[in-house]
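Structure data follow from input23.cif (mmCIF, C-alpha atoms):
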```
data_upload
loop_
_atom_site.label_atom_id
_atom_site.label_comp_id
_atom_site.auth_asym_id
_atom_site.auth_seq_id
_atom_site.Cartn_x
_atom_site.Cartn_y
_atom_site.Cartn_z
CA MET A 25 -89.36 -14.67 70.67
CA ILE A 26 -88.82 -14.04 67.07
CA LYS A 27 -87.13 -10.94 65.99
CA ILE A 28 -87.98 -9.49 62.68
CA ASN A 29 -85.79 -6.96 61.25
CA LEU A 30 -87.68 -4.73 59.01
CA LEU A 31 -84.70 -2.87 57.77
CA PRO A 32 -83.60 -3.86 54.33
CA TYR A 33 -80.07 -4.59 55.42
CA ARG A 34 -79.61 -7.42 52.95
CA ASP A 35 -80.50 -5.15 50.09
CA ILE A 36 -78.11 -2.56 51.45
CA GLN A 37 -75.38 -5.18 51.81
CA LYS A 38 -76.03 -6.39 48.27
CA LYS A 39 -75.85 -2.88 46.93
CA GLU A 40 -72.65 -2.26 48.87
CA LYS A 41 -71.11 -5.45 47.49
CA ILE A 42 -72.15 -4.44 43.97
CA TRP A 43 -70.57 -1.00 44.46
CA GLN A 44 -67.46 -2.61 45.89
CA GLN A 45 -67.22 -4.92 42.91
CA ILE A 46 -67.78 -1.96 40.52
CA PHE A 47 -65.03 0.01 42.29
CA ILE A 48 -62.70 -2.98 42.24
CA MET A 49 -63.43 -3.49 38.54
CA ILE A 50 -62.93 0.20 37.75
CA GLY A 51 -59.76 0.17 39.87
CA GLY A 52 -58.52 -2.94 38.04
CA VAL A 53 -59.26 -1.39 34.66
CA LEU A 54 -57.58 1.86 35.70
CA LEU A 55 -54.62 -0.06 37.08
CA GLY A 56 -54.39 -2.07 33.81
CA LEU A 57 -54.57 1.14 31.78
CA ILE A 58 -51.85 2.70 33.91
CA ILE A 59 -49.68 -0.38 33.44
CA VAL A 60 -50.30 -0.43 29.67
CA ILE A 61 -49.54 3.29 29.41
CA ALA A 62 -46.37 2.90 31.50
CA VAL A 63 -45.20 -0.06 29.39
CA HIS A 64 -46.05 1.86 26.21
CA LEU A 65 -44.08 4.91 27.36
CA GLN A 66 -41.15 2.72 28.41
CA LEU A 67 -41.11 0.93 25.03
CA ARG A 68 -41.40 4.23 23.17
CA SER A 69 -38.46 5.58 25.16
CA MET A 70 -36.41 2.46 24.37
CA ILE A 71 -37.28 2.70 20.66
CA SER A 72 -36.28 6.37 20.65
CA ASN A 73 -32.97 5.49 22.31
CA TYR A 74 -32.36 2.70 19.80
CA GLU A 75 -33.09 5.07 16.92
CA LYS A 76 -30.68 7.66 18.34
CA ASN A 77 -28.05 4.94 18.82
CA GLY A 78 -28.70 3.73 15.26
CA GLU A 79 -28.16 7.24 13.87
CA ALA A 80 -25.01 7.62 15.96
CA LEU A 81 -23.75 4.26 14.71
CA LYS A 82 -24.53 5.22 11.10
CA SER A 83 -22.54 8.44 11.44
CA GLU A 84 -19.72 6.52 13.11
CA ILE A 85 -19.77 3.99 10.25
CA LYS A 86 -19.52 6.85 7.74
CA ASP A 87 -16.56 8.29 9.66
CA LEU A 88 -14.90 4.87 9.76
CA GLU A 89 -15.50 4.39 6.02
CA LYS A 90 -13.78 7.75 5.40
CA LYS A 91 -10.88 6.65 7.59
CA ILE A 92 -10.70 3.33 5.73
CA GLY A 93 -10.60 5.24 2.45
CA GLU A 94 -7.79 7.39 3.79
CA MET A 95 -5.96 4.26 4.99
CA ASP A 96 -6.31 2.74 1.51
CA LYS A 97 -4.86 5.91 0.00
CA ILE A 98 -2.02 5.81 2.52
CA LYS A 99 -1.35 2.14 1.71
CA ALA A 100 -1.28 2.96 -2.01
CA GLN A 101 1.10 5.84 -1.35
CA LYS A 102 3.24 3.59 0.83
CA GLY A 103 3.42 1.00 -1.95
CA GLU A 104 4.37 3.69 -4.45
CA ILE A 105 7.06 5.04 -2.12
CA GLU A 106 8.42 1.54 -1.50
CA ARG A 107 8.52 0.94 -5.25
CA LYS A 108 10.37 4.22 -5.78
CA LEU A 109 12.80 3.39 -2.96
CA SER A 110 13.55 0.02 -4.53
CA VAL A 111 14.22 1.75 -7.84
CA ILE A 112 16.55 4.20 -6.07
CA ASP A 113 18.34 1.32 -4.32
CA LYS A 114 18.69 -0.48 -7.64
CA LEU A 115 20.05 2.67 -9.29
CA ASN A 116 22.54 3.15 -6.45
CA THR A 117 23.81 -0.41 -6.79
CA GLU A 118 24.00 -0.09 -10.57
CA ARG A 119 25.83 3.23 -10.19
CA MET A 120 28.40 1.56 -7.96
CA LYS A 121 28.83 -1.24 -10.48
CA ILE A 122 29.49 1.32 -13.22
CA VAL A 123 31.99 3.16 -11.01
CA ILE A 124 33.83 -0.09 -10.25
CA LEU A 125 33.69 -1.07 -13.93
CA LEU A 126 35.12 2.28 -15.04
CA TYR A 127 37.82 2.04 -12.39
CA ASN A 128 38.75 -1.47 -13.56
CA MET A 129 38.74 -0.38 -17.20
CA GLY A 130 40.77 2.73 -16.44
CA SER A 131 43.45 0.68 -14.73
CA ILE A 132 43.91 -1.64 -17.74
CA VAL A 133 44.02 0.96 -20.54
CA PRO A 134 47.43 0.89 -22.21
CA GLU A 135 49.49 4.09 -22.34
CA ASN A 136 49.05 4.71 -26.07
CA LEU A 137 45.29 4.08 -26.14
CA TRP A 138 42.41 6.36 -25.19
CA LEU A 139 38.67 5.81 -24.99
CA THR A 140 36.35 8.16 -26.85
CA SER A 141 32.92 6.82 -25.82
CA LEU A 142 31.25 4.18 -23.70
CA SER A 143 27.55 3.31 -23.93
CA ASP A 144 25.72 0.83 -21.72
CA LYS A 145 22.93 -1.10 -23.48
CA GLY A 146 21.80 -3.30 -20.58
CA ASN A 147 23.69 -6.57 -21.00
CA GLU A 148 26.30 -5.15 -23.36
CA LEU A 149 28.71 -2.25 -23.59
CA ILE A 150 29.77 -0.49 -26.76
CA LEU A 151 33.28 0.92 -26.35
CA ASP A 152 34.88 3.29 -28.89
CA GLY A 153 38.48 4.38 -28.76
CA GLU A 154 41.68 5.20 -30.56
CA ALA A 155 45.23 3.89 -30.24
CA LEU A 156 48.59 4.55 -31.80
CA SER A 157 48.94 0.92 -32.93
CA GLY A 158 47.00 -2.28 -33.43
CA ASN A 159 49.17 -3.92 -30.75
CA ASP A 160 47.78 -1.50 -28.16
CA VAL A 161 44.24 -2.46 -29.24
CA SER A 162 45.10 -6.17 -28.98
CA LEU A 163 46.64 -5.72 -25.53
CA PHE A 164 43.58 -3.78 -24.34
CA MET A 165 41.24 -6.48 -25.69
CA LYS A 166 43.13 -9.20 -23.79
CA ARG A 167 42.98 -7.17 -20.59
CA LEU A 168 39.23 -6.61 -21.08
CA GLU A 169 38.71 -10.36 -21.40
CA GLY A 170 40.36 -10.73 -17.99
CA ILE A 171 37.66 -8.64 -16.26
CA ASN A 172 35.24 -10.94 -14.43
CA GLU A 173 32.10 -8.91 -15.25
CA PHE A 174 32.50 -9.55 -18.99
CA SER A 175 31.53 -12.80 -20.65
CA LYS A 176 32.62 -11.95 -24.19
CA VAL A 177 34.64 -9.16 -25.85
CA ASN A 178 34.12 -8.73 -29.62
CA LEU A 179 36.06 -6.41 -31.88
CA MET A 180 33.41 -4.88 -34.14
CA SER A 181 35.67 -2.70 -36.26
CA MET A 182 39.23 -1.45 -36.44
CA ASP A 183 40.24 1.21 -38.98
CA GLN A 184 43.36 3.29 -39.45
CA ILE A 185 42.59 6.99 -39.82
CA GLN A 186 44.66 10.13 -40.21
CA LYS A 187 44.45 12.48 -37.23
CA GLY A 188 46.57 15.55 -37.67
CA ASP A 189 50.12 14.47 -38.55
CA ASN A 190 49.70 10.97 -37.07
CA LYS A 191 47.92 7.86 -38.14
CA VAL A 192 45.77 6.31 -35.40
CA VAL A 193 43.76 3.11 -35.12
CA LYS A 194 40.07 3.69 -34.42
CA PHE A 195 38.30 0.69 -32.87
CA ILE A 196 34.88 -0.38 -31.58
CA PHE A 197 34.36 -3.18 -29.04
CA LYS A 198 31.09 -4.87 -28.24
CA ILE A 199 31.37 -6.31 -24.73
CA GLU A 200 28.79 -8.71 -23.30
CA LYS A 201 28.29 -8.49 -19.57
CA GLY A 202 27.22 -11.32 -17.37
CA LYS A 203 29.96 -13.58 -16.05
CA SER A 204 29.73 -12.91 -12.33
CA GLY A 205 27.85 -9.89 -11.03
CA SER A 206 25.59 -8.33 -13.66
#
```

Take the structure in the file and give it back as structure tokens.
Amino acid sequence: MIKINLLPYRDIQKKEKIWQQIFIMIGGVLLGLIIVIAVHLQLRSMISNYEKNGEALKSEIKDLEKKIGEMDKIKAQKGEIERKLSVIDKLNTERMKIVILLYNMGSIVPENLWLTSLSDKGNELILDGEALSGNDVSLFMKRLEGINEFSKVNLMSMDQIQKGDNKVVKFIFKIEKGKSGS
């Protein structure tokens, strides 16, 4: 016997399959939209973080540039201080040379001779003085030539003048420095 099904079950099955496909499609589209929105939000969050980091880095760079400027100022000040210290050291050594020179000169001055002025002009000294006789001036000149720091001793002038009741010899030496230490 032949059975005939009069119910439209194939039409119902077709319609159910169509609805299933529509739901699957709508679900897929919704799932895609959710994924796109999630990715978009994630990227926006990352961009926001990068912008915040960029601003933080810019402010840090400005702070570092200020510190670098301060370091440059400190280096300039350090160089200036080192330059001043070297000048002070040089002055101290020159001062000691003058003290030694004056000590040496004081020990060779004859008894009847006295110095009235001494001026240092770099590589030469101008020495003024008075003595009771020309022999005292000559003796002093020979002793000056024996000092190692002097390369040449020149008698610039020697005049006899009246000082009170006595006649004295006024002299001027020009002494060139430079043999051994200066």

Shell of 7 Å around Ser157 of chain A, only C-alpha atoms, local chain residues under 3 positions omitted, as a short mmCIF file (atom, residue, chain, number, x, y, z; two decimals) with C-alpha atoms, in the frame of the given file:
```
data_model
loop_
_atom_site.label_atom_id
_atom_site.label_comp_id
_atom_site.auth_asym_id
_atom_site.auth_seq_id
_atom_site.Cartn_x
_atom_site.Cartn_y
_atom_site.Cartn_z
CA ASP A 160 47.78 -1.50 -28.16
CA VAL A 161 44.24 -2.46 -29.24
CA VAL A 192 45.77 6.31 -35.40
CA VAL A 193 43.76 3.11 -35.12
#
```

All residues 10 Å or closer to Met165 of chain A, all atoms listed in the file, same chain fewer than 2 positions away omitted, as a ChimeraX atom specification
/A:132-133,159-163,167-170,177-179,197,199

(message) Given the PyMOL selection byres ((chain A and resi 151-153) around 8) and the file above, list the residues it selects as a list in words.
(response)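 Taken on the displayed file, the PyMOL selection byres ((chain A and resi 151-153) around 8) yields the residues Leu137, Trp138, Leu139, Thr140, Ser141, Leu142, Ser143, Leu149, Ile150, Glu154, Ala155, Lys194, Phe195, Ile196, Phe197, Lys198 and Ile199 of chain A.
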
message = as a ChimeraX atom specification, please: the residues near Lys201 of chain A (cut-off 7 Å, all atoms listed in the file, same-chain neighbours under 5 positions excluded).
response = /A:147-148,173-175,206

task = Measure the distance from atom CA of Lys41 of chain A to atom CA of Leu54 of chain A in Å and round it to one decimal.
result =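 Between these atoms lies a distance of 19.4 Å.
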
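Pairwise distance (atom CA of Asp144 of chain A, atom CA of Leu126 of chain A) equals 11.6 Å.
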
Nearby residues (only C-alpha atoms) at most 9 Å from Leu125 of chain A, same-chain spacing under 4 positions excluded, as a PyMOL selection string:
chain A and resi 120-121+129-130+171+173

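When atom CA of Arg119 of chain A is paired with atom CA of Gly202 of chain A, their separation reads 16.3 Å.
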